[in-house]
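Peer 1: This is the content of model26.pdb (PDB, C-alpha atoms, pLDDT in the B column):
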```pdb
ATOM      1  CA  MET A  64     -25.792  -5.972  27.934  1.00 90.00           C
ATOM      2  CA  LEU A  65     -26.628  -8.954  30.095  1.00 94.00           C
ATOM      3  CA  PHE A  66     -28.154 -11.098  27.403  1.00 96.00           C
ATOM      4  CA  TYR A  67     -25.477 -10.086  24.901  1.00 96.00           C
ATOM      5  CA  SER A  68     -22.860 -11.507  27.265  1.00 95.00           C
ATOM      6  CA  PHE A  69     -25.051 -14.522  27.903  1.00 95.00           C
ATOM      7  CA  PHE A  70     -25.390 -15.322  24.218  1.00 96.00           C
ATOM      8  CA  LYS A  71     -21.646 -14.883  23.725  1.00 96.00           C
ATOM      9  CA  THR A  72     -21.160 -17.816  26.118  1.00 94.00           C
ATOM     10  CA  LEU A  73     -23.444 -19.898  23.905  1.00 95.00           C
ATOM     11  CA  VAL A  74     -21.513 -19.383  20.650  1.00 96.00           C
ATOM     12  CA  ASN A  75     -20.837 -22.731  18.901  1.00 96.00           C
ATOM     13  CA  LYS A  76     -23.693 -24.383  20.781  1.00 96.00           C
ATOM     14  CA  ASP A  77     -26.792 -25.794  19.097  1.00 96.00           C
ATOM     15  CA  VAL A  78     -29.950 -23.775  19.511  1.00 97.00           C
ATOM     16  CA  VAL A  79     -33.441 -23.617  18.057  1.00 96.00           C
ATOM     17  CA  VAL A  80     -34.637 -20.135  17.152  1.00 96.00           C
ATOM     18  CA  GLU A  81     -38.364 -19.592  16.892  1.00 96.00           C
ATOM     19  CA  LEU A  82     -39.300 -16.498  14.934  1.00 96.00           C
ATOM     20  CA  LYS A  83     -42.397 -14.378  15.335  1.00 96.00           C
ATOM     21  CA  ASN A  84     -43.703 -15.753  12.039  1.00 94.00           C
ATOM     22  CA  ASP A  85     -43.600 -19.246  13.608  1.00 93.00           C
ATOM     23  CA  ILE A  86     -40.611 -20.438  11.583  1.00 94.00           C
ATOM     24  CA  MET A  87     -38.287 -22.662  13.650  1.00 94.00           C
ATOM     25  CA  ILE A  88     -34.619 -22.688  12.709  1.00 95.00           C
ATOM     26  CA  SER A  89     -32.322 -25.191  14.298  1.00 96.00           C
ATOM     27  CA  GLY A  90     -28.588 -24.541  14.021  1.00 96.00           C
ATOM     28  CA  THR A  91     -25.267 -23.672  15.587  1.00 97.00           C
ATOM     29  CA  LEU A  92     -24.951 -20.188  17.045  1.00 97.00           C
ATOM     30  CA  ALA A  93     -22.089 -18.518  15.188  1.00 97.00           C
ATOM     31  CA  GLY A  94     -22.370 -15.002  16.526  1.00 97.00           C
ATOM     32  CA  VAL A  95     -24.406 -12.380  18.346  1.00 97.00           C
ATOM     33  CA  ASP A  96     -24.346  -8.611  18.719  1.00 97.00           C
ATOM     34  CA  GLN A  97     -25.659  -5.972  21.120  1.00 96.00           C
ATOM     35  CA  PHE A  98     -29.068  -5.972  19.432  1.00 97.00           C
ATOM     36  CA  LEU A  99     -29.197  -9.752  19.897  1.00 97.00           C
ATOM     37  CA  ASN A 100     -29.095 -10.229  16.137  1.00 98.00           C
ATOM     38  CA  LEU A 101     -28.013 -13.842  15.616  1.00 97.00           C
ATOM     39  CA  LYS A 102     -25.837 -15.629  13.116  1.00 97.00           C
ATOM     40  CA  LEU A 103     -26.646 -19.292  12.666  1.00 97.00           C
ATOM     41  CA  GLU A 104     -24.759 -21.972  10.742  1.00 97.00           C
ATOM     42  CA  ASN A 105     -25.661 -25.427   9.436  1.00 96.00           C
ATOM     43  CA  ILE A 106     -29.298 -24.602   9.789  1.00 95.00           C
ATOM     44  CA  VAL A 107     -32.159 -27.067   9.549  1.00 94.00           C
ATOM     45  CA  VAL A 108     -35.717 -25.887   8.884  1.00 93.00           C
ATOM     46  CA  ASN A 109     -39.033 -27.641   8.480  1.00 84.00           C
ATOM     47  CA  GLU A 110     -39.287 -27.952   4.681  1.00 82.00           C
ATOM     48  CA  GLU A 111     -43.081 -27.995   4.621  1.00 83.00           C
ATOM     49  CA  LYS A 112     -43.422 -24.832   6.671  1.00 83.00           C
ATOM     50  CA  CYS A 113     -40.459 -22.970   5.255  1.00 88.00           C
ATOM     51  CA  PRO A 114     -39.370 -24.136   1.787  1.00 87.00           C
ATOM     52  CA  GLN A 115     -37.561 -20.837   1.158  1.00 89.00           C
ATOM     53  CA  LEU A 116     -34.780 -21.720   3.589  1.00 90.00           C
ATOM     54  CA  ALA A 117     -34.559 -25.398   2.672  1.00 88.00           C
ATOM     55  CA  SER A 118     -31.237 -25.008   0.857  1.00 90.00           C
ATOM     56  CA  VAL A 119     -29.772 -22.316   3.098  1.00 93.00           C
ATOM     57  CA  LYS A 120     -26.734 -23.247   5.209  1.00 94.00           C
ATOM     58  CA  SER A 121     -26.080 -20.028   7.152  1.00 96.00           C
ATOM     59  CA  CYS A 122     -28.222 -17.087   8.016  1.00 96.00           C
ATOM     60  CA  PHE A 123     -28.358 -13.796   9.864  1.00 97.00           C
ATOM     61  CA  VAL A 124     -31.464 -13.254  11.963  1.00 97.00           C
ATOM     62  CA  ARG A 125     -32.499  -9.761  13.047  1.00 97.00           C
ATOM     63  CA  GLY A 126     -32.960  -9.778  16.804  1.00 97.00           C
ATOM     64  CA  SER A 127     -36.359  -8.095  16.676  1.00 97.00           C
ATOM     65  CA  VAL A 128     -38.002 -10.994  14.810  1.00 97.00           C
ATOM     66  CA  VAL A 129     -37.042 -13.593  17.408  1.00 97.00           C
ATOM     67  CA  ARG A 130     -39.764 -14.891  19.692  1.00 97.00           C
ATOM     68  CA  TYR A 131     -37.822 -17.615  21.530  1.00 97.00           C
ATOM     69  CA  VAL A 132     -34.407 -19.219  21.529  1.00 97.00           C
ATOM     70  CA  GLN A 133     -34.447 -22.764  22.868  1.00 96.00           C
ATOM     71  CA  LEU A 134     -31.203 -23.404  24.711  1.00 95.00           C
ATOM     72  CA  PRO A 135     -29.375 -26.540  25.840  1.00 92.00           C
ATOM     73  CA  ALA A 136     -30.124 -26.651  29.567  1.00 91.00           C
ATOM     74  CA  THR A 137     -26.739 -28.229  30.274  1.00 91.00           C
ATOM     75  CA  GLU A 138     -24.897 -25.179  28.897  1.00 88.00           C
ATOM     76  CA  VAL A 139     -26.686 -22.660  31.097  1.00 85.00           C
ATOM     77  CA  GLU A 140     -25.350 -21.950  34.561  1.00 90.00           C
ATOM     78  CA  THR A 141     -28.482 -20.704  36.256  1.00 92.00           C
ATOM     79  CA  ASP A 142     -26.714 -19.505  39.437  1.00 93.00           C
ATOM     80  CA  LEU A 143     -24.370 -17.253  37.477  1.00 93.00           C
ATOM     81  CA  LEU A 144     -27.301 -15.952  35.436  1.00 94.00           C
ATOM     82  CA  GLN A 145     -29.281 -15.046  38.528  1.00 95.00           C
ATOM     83  CA  ASP A 146     -26.295 -13.274  40.126  1.00 94.00           C
ATOM     84  CA  ALA A 147     -25.600 -11.375  36.913  1.00 94.00           C
ATOM     85  CA  THR A 148     -29.273 -10.377  36.746  1.00 95.00           C
ATOM     86  CA  ARG A 149     -29.192  -8.972  40.265  1.00 93.00           C
ATOM     87  CA  LYS A 150     -26.034  -6.993  39.460  1.00 91.00           C
ATOM     88  CA  GLU A 151     -27.472  -5.748  36.170  1.00 88.00           C
ATOM     89  CA  HIS A 152     -30.595  -4.670  37.964  1.00 85.00           C
ATOM     90  CA  SER A 153     -28.733  -2.664  40.587  1.00 83.00           C
ATOM     91  CA  ASN A 154     -26.645  -1.092  37.798  1.00 83.00           C
ATOM     92  CA  GLN A 155     -29.894  -0.076  36.114  1.00 80.00           C
ATOM     93  CA  VAL A 156     -31.220   1.461  39.316  1.00 79.00           C
ATOM     94  CA  ALA A 157     -27.922   3.314  39.921  1.00 82.00           C
ATOM     95  CA  ALA A 158     -27.904   4.665  36.369  1.00 82.00           C
ATOM     96  CA  ALA A 159     -31.495   5.841  36.755  1.00 78.00           C
ATOM     97  CA  GLU A 160     -30.652   7.544  40.044  1.00 80.00           C
ATOM     98  CA  LYS A 161     -27.762   9.375  38.382  1.00 84.00           C
ATOM     99  CA  THR A 162     -29.968  10.867  35.687  1.00 82.00           C
ATOM    100  CA  LYS A 163     -32.548  12.183  38.158  1.00 74.00           C
TER     101      LYS A 163
ATOM    102  CA  MET B1082     -49.000  12.770  49.310  1.00 56.00           C
ATOM    103  CA  SER B1083     -45.485  11.416  49.402  1.00 53.00           C
ATOM    104  CA  LEU B1084     -44.673   7.783  48.859  1.00 53.00           C
ATOM    105  CA  ALA B1085     -43.016   6.190  51.882  1.00 52.00           C
ATOM    106  CA  LYS B1086     -39.752   4.521  51.002  1.00 51.00           C
ATOM    107  CA  VAL B1087     -39.045   1.215  52.712  1.00 49.00           C
ATOM    108  CA  PRO B1088     -35.700   1.593  54.492  1.00 48.00           C
ATOM    109  CA  SER B1089     -33.206  -0.793  52.928  1.00 45.00           C
ATOM    110  CA  ARG B1090     -30.605  -2.346  55.164  1.00 44.00           C
ATOM    111  CA  GLU B1091     -29.153  -4.465  52.425  1.00 45.00           C
ATOM    112  CA  LYS B1092     -28.636  -3.357  48.850  1.00 46.00           C
ATOM    113  CA  GLY B1093     -31.745  -3.663  46.725  1.00 52.00           C
ATOM    114  CA  SER B1094     -34.222  -4.891  49.289  1.00 59.00           C
ATOM    115  CA  SER B1095     -36.723  -2.036  48.827  1.00 69.00           C
ATOM    116  CA  VAL B1096     -39.380  -2.356  46.158  1.00 69.00           C
ATOM    117  CA  ASP B1097     -39.570   0.966  44.309  1.00 78.00           C
ATOM    118  CA  GLU B1098     -40.413   0.159  40.736  1.00 86.00           C
ATOM    119  CA  PRO B1099     -42.171  -2.598  38.836  1.00 88.00           C
ATOM    120  CA  LEU B1100     -38.902  -4.271  37.845  1.00 90.00           C
ATOM    121  CA  ASP B1101     -38.078  -4.646  41.529  1.00 89.00           C
ATOM    122  CA  LEU B1102     -41.190  -6.810  41.842  1.00 88.00           C
ATOM    123  CA  ILE B1103     -39.840  -9.130  39.191  1.00 92.00           C
ATOM    124  CA  ARG B1104     -36.497  -9.278  40.998  1.00 91.00           C
ATOM    125  CA  LEU B1105     -38.330 -10.829  43.954  1.00 91.00           C
ATOM    126  CA  SER B1106     -39.355 -13.703  41.682  1.00 92.00           C
ATOM    127  CA  LEU B1107     -35.823 -14.661  40.579  1.00 94.00           C
ATOM    128  CA  ASP B1108     -35.329 -18.412  40.917  1.00 94.00           C
ATOM    129  CA  GLU B1109     -39.064 -18.822  41.514  1.00 95.00           C
ATOM    130  CA  ARG B1110     -41.681 -20.187  39.184  1.00 96.00           C
ATOM    131  CA  ILE B1111     -43.551 -17.443  37.348  1.00 96.00           C
ATOM    132  CA  TYR B1112     -46.373 -17.036  34.873  1.00 96.00           C
ATOM    133  CA  VAL B1113     -45.772 -14.957  31.741  1.00 97.00           C
ATOM    134  CA  LYS B1114     -48.501 -13.848  29.355  1.00 96.00           C
ATOM    135  CA  LEU B1115     -47.242 -13.213  25.821  1.00 97.00           C
ATOM    136  CA  ARG B1116     -48.649 -11.745  22.640  1.00 96.00           C
ATOM    137  CA  GLY B1117     -50.344 -14.209  20.323  1.00 94.00           C
ATOM    138  CA  ASP B1118     -52.452 -15.915  23.006  1.00 95.00           C
ATOM    139  CA  ARG B1119     -49.447 -17.632  24.519  1.00 96.00           C
ATOM    140  CA  GLU B1120     -48.624 -18.266  28.141  1.00 96.00           C
ATOM    141  CA  LEU B1121     -45.488 -19.576  29.778  1.00 96.00           C
ATOM    142  CA  ARG B1122     -44.913 -21.108  33.184  1.00 96.00           C
ATOM    143  CA  GLY B1123     -41.316 -21.591  34.179  1.00 97.00           C
ATOM    144  CA  GLN B1124     -38.513 -20.838  36.579  1.00 96.00           C
ATOM    145  CA  LEU B1125     -37.102 -17.338  36.181  1.00 97.00           C
ATOM    146  CA  HIS B1126     -33.329 -17.335  35.835  1.00 97.00           C
ATOM    147  CA  ALA B1127     -32.658 -13.947  34.238  1.00 96.00           C
ATOM    148  CA  TYR B1128     -34.380 -10.835  32.980  1.00 96.00           C
ATOM    149  CA  ASP B1129     -33.495  -7.302  31.928  1.00 95.00           C
ATOM    150  CA  GLN B1130     -35.221  -3.932  31.567  1.00 94.00           C
ATOM    151  CA  HIS B1131     -36.675  -4.973  28.195  1.00 96.00           C
ATOM    152  CA  LEU B1132     -38.226  -8.004  29.879  1.00 96.00           C
ATOM    153  CA  ASN B1133     -36.030 -10.346  27.862  1.00 97.00           C
ATOM    154  CA  MET B1134     -35.963 -13.452  30.053  1.00 97.00           C
ATOM    155  CA  VAL B1135     -34.379 -16.845  30.471  1.00 97.00           C
ATOM    156  CA  LEU B1136     -36.803 -19.402  31.891  1.00 97.00           C
ATOM    157  CA  GLY B1137     -36.124 -23.007  32.891  1.00 96.00           C
ATOM    158  CA  ASN B1138     -38.502 -26.016  32.895  1.00 96.00           C
ATOM    159  CA  VAL B1139     -40.965 -24.123  30.791  1.00 97.00           C
ATOM    160  CA  GLU B1140     -44.462 -25.124  29.822  1.00 96.00           C
ATOM    161  CA  GLU B1141     -45.843 -23.073  26.918  1.00 96.00           C
ATOM    162  CA  THR B1142     -49.604 -22.930  26.472  1.00 95.00           C
ATOM    163  CA  LEU B1143     -51.122 -21.846  23.163  1.00 94.00           C
ATOM    164  CA  THR B1144     -54.808 -21.015  23.041  1.00 93.00           C
ATOM    165  CA  VAL B1145     -56.303 -21.561  19.597  1.00 89.00           C
ATOM    166  CA  THR B1146     -59.880 -20.656  18.706  1.00 87.00           C
ATOM    167  CA  VAL B1147     -61.279 -22.832  15.954  1.00 86.00           C
ATOM    168  CA  VAL B1148     -64.482 -21.757  14.223  1.00 86.00           C
ATOM    169  CA  ASP B1149     -66.480 -24.489  12.558  1.00 86.00           C
ATOM    170  CA  GLU B1150     -67.463 -23.128   9.134  1.00 85.00           C
ATOM    171  CA  ARG B1151     -70.750 -24.978   8.927  1.00 87.00           C
ATOM    172  CA  THR B1152     -72.111 -24.642  12.435  1.00 87.00           C
ATOM    173  CA  TYR B1153     -70.361 -21.333  13.291  1.00 85.00           C
ATOM    174  CA  GLU B1154     -69.555 -22.929  16.586  1.00 86.00           C
ATOM    175  CA  GLU B1155     -66.382 -21.696  18.296  1.00 87.00           C
ATOM    176  CA  ARG B1156     -64.155 -24.245  19.927  1.00 85.00           C
ATOM    177  CA  VAL B1157     -61.186 -23.310  22.056  1.00 86.00           C
ATOM    178  CA  GLN B1158     -58.185 -25.618  21.831  1.00 87.00           C
ATOM    179  CA  VAL B1159     -55.268 -25.481  24.193  1.00 89.00           C
ATOM    180  CA  LYS B1160     -51.876 -26.810  23.055  1.00 92.00           C
ATOM    181  CA  THR B1161     -48.941 -27.202  25.374  1.00 93.00           C
ATOM    182  CA  ARG B1162     -45.228 -27.767  24.860  1.00 94.00           C
ATOM    183  CA  ASN B1163     -42.369 -28.299  27.292  1.00 96.00           C
ATOM    184  CA  ILE B1164     -38.914 -26.771  26.875  1.00 95.00           C
ATOM    185  CA  ASP B1165     -35.927 -27.207  29.214  1.00 96.00           C
ATOM    186  CA  MET B1166     -34.354 -23.780  28.868  1.00 96.00           C
ATOM    187  CA  LEU B1167     -35.793 -20.882  26.917  1.00 97.00           C
ATOM    188  CA  PHE B1168     -34.769 -17.327  26.084  1.00 97.00           C
ATOM    189  CA  VAL B1169     -37.845 -15.121  25.610  1.00 98.00           C
ATOM    190  CA  ARG B1170     -37.576 -11.797  23.799  1.00 97.00           C
ATOM    191  CA  GLY B1171     -39.062  -8.999  25.846  1.00 97.00           C
ATOM    192  CA  ASP B1172     -41.097  -7.339  23.113  1.00 96.00           C
ATOM    193  CA  GLY B1173     -43.554 -10.230  23.190  1.00 96.00           C
ATOM    194  CA  VAL B1174     -44.184 -10.062  26.932  1.00 97.00           C
ATOM    195  CA  ILE B1175     -47.478  -8.651  28.189  1.00 97.00           C
ATOM    196  CA  LEU B1176     -47.362  -9.504  31.875  1.00 95.00           C
ATOM    197  CA  VAL B1177     -45.315 -11.330  34.488  1.00 95.00           C
ATOM    198  CA  SER B1178     -46.726 -12.685  37.721  1.00 93.00           C
ATOM    199  CA  PRO B1179     -46.364 -15.468  40.291  1.00 86.00           C
ATOM    200  CA  PRO B1180     -48.088 -18.627  39.025  1.00 81.00           C
ATOM    201  CA  LEU B1181     -51.883 -18.370  39.050  1.00 72.00           C
ATOM    202  CA  ARG B1182     -53.549 -20.684  41.484  1.00 65.00           C
ATOM    203  CA  THR B1183     -56.333 -22.655  39.743  1.00 59.00           C
ATOM    204  CA  GLY B1184     -59.081 -24.541  41.520  1.00 40.00           C
TER     205      GLY B1184
END
```
If you took the structure in this file and wrote it as structure tokens, what would it be?
Peer 2:
Amino acid sequence: MLFYSFFKTLVNKDVVVELKNDIMISGTLAGVDQFLNLKLENIVVNEEKCPQLASVKSCFVRGSVVRYVQLPATEVETDLLQDATRKEHSNQVAAAEKTK
Amino acid sequence: MSLAKVPSREKGSSVDEPLDLIRLSLDERIYVKLRGDRELRGQLHAYDQHLNMVLGNVEETLTVTVVDERTYEERVQVKTRNIDMLFVRGDGVILVSPPLRTG
């Protein structure tokens, strides 16, 4: 759930999503869910590489087709992220211990 | 043969599983090999059990093999790109390691 919470903090920020088929979509993050599916608005795509989406304003992207999401560095608090990662990791270990 | 467990005085200081190894690299620069002949070098800020990651100050390296149709000669091209802050989806990750020392 870590990255779900992380993406929720980035809603309404501008991101660039790079898909596994090399399409780059630049837009405003409108929403995210637990599968890291993304909703983007006011999208801009490279017309030569992706003419199909040239006239599309909003889209839903299935999380599994994402390769990268380029984020605004200024919006990311790296200290909080690292602390949350450590906590998430110890939660994972505790959950694994419980099921043994 | 039993595996000796390192006694942990503070929470989470023993290395038991592979993900613990990655935890040691938090806030350090790491090297990530991805599917599609891609490599990343960046500072690890976050990761999870799927190996989704957030990296900062990233340099992506793409290795492209170009075959000349006439001479059948293979040329390897390397393209790089720099990104300030990047989320990487875990299903593309092959391996994670401290940066490789070259030369």
Peer 1: Figure out the distance between atom CA of Leu1121 of chain B and atom CA of Ile1175 of chain B, please, to one decimal in Å.
Peer 2: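 Going from atom CA of Ile1175 of chain B over to atom CA of Leu1121 of chain B covers 11.2 Å.
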Peer 1: Near segment 1123-1140 of chain B, counting all atoms listed in the file, which residues have an atom at most 7 Å away, once you skip same-chain residues fewer than 5 positions from it, shown as an MDAnalysis selection string?
Peer 2: (chainID A and resid 141 144:145 148) or (chainID B and resid 1106:1112 1161:1171 1174)
Peer 1: For the residues in that selection, give me C-alpha atoms as a compact mmCIF listing (two decimals), keeping the file's coordinate frame.
Peer 2:
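File written: out.txt
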```
# COMPACT_ATOMS: atom_id res chain seq x y z
CA THR A 141 -28.48 -20.70 36.26
CA LEU A 144 -27.30 -15.95 35.44
CA GLN A 145 -29.28 -15.05 38.53
CA THR A 148 -29.27 -10.38 36.75
CA SER B 1106 -39.35 -13.70 41.68
CA LEU B 1107 -35.82 -14.66 40.58
CA ASP B 1108 -35.33 -18.41 40.92
CA GLU B 1109 -39.06 -18.82 41.51
CA ARG B 1110 -41.68 -20.19 39.18
CA ILE B 1111 -43.55 -17.44 37.35
CA TYR B 1112 -46.37 -17.04 34.87
CA THR B 1161 -48.94 -27.20 25.37
CA ARG B 1162 -45.23 -27.77 24.86
CA ASN B 1163 -42.37 -28.30 27.29
CA ILE B 1164 -38.91 -26.77 26.88
CA ASP B 1165 -35.93 -27.21 29.21
CA MET B 1166 -34.35 -23.78 28.87
CA LEU B 1167 -35.79 -20.88 26.92
CA PHE B 1168 -34.77 -17.33 26.08
CA VAL B 1169 -37.84 -15.12 25.61
CA ARG B 1170 -37.58 -11.80 23.80
CA GLY B 1171 -39.06 -9.00 25.85
CA VAL B 1174 -44.18 -10.06 26.93
```
Peer 1: The PyMOL selection byres ((chain A and resi 89) around 7) - which residues does that actually catch in the file I just gave you? List them as a list in words.
Peer 2: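 With the shown file as input, the PyMOL selection byres ((chain A and resi 89) around 7) matches Val78, Val79, Val80, Met87, Ile88, Gly90, Ile106, Val107 and Val108 of chain A.
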Peer 1: I need the output of the ChimeraX specification (/B :<10) & /A for this file as a ChimeraX atom specification; which residues are they?
Peer 2: /A:64-66,69-70,78-81,83,99,126-153,155-156
Peer 1: On this structure, the PyMOL selection byres ((chain B and resi 1146) around 9) would catch which residues? List them as a PyMOL selection string, sorted by chain and number.
Peer 2: chain B and resi 1144-1145+1147-1148+1155-1159
Peer 1: Rounded to one decimal place, report the atom CA of Asn84 of chain A-atom CA of Arg1151 of chain B distance in Å.
Peer 2: 28.7 Å
Peer 1: Grab the atom CA of Lys1160 of chain B to atom CA of Arg1119 of chain B distance for me, in Å with one decimal place.
Peer 2: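 Result for atom CA of Lys1160 of chain B versus atom CA of Arg1119 of chain B: 9.6 Å, one decimal.
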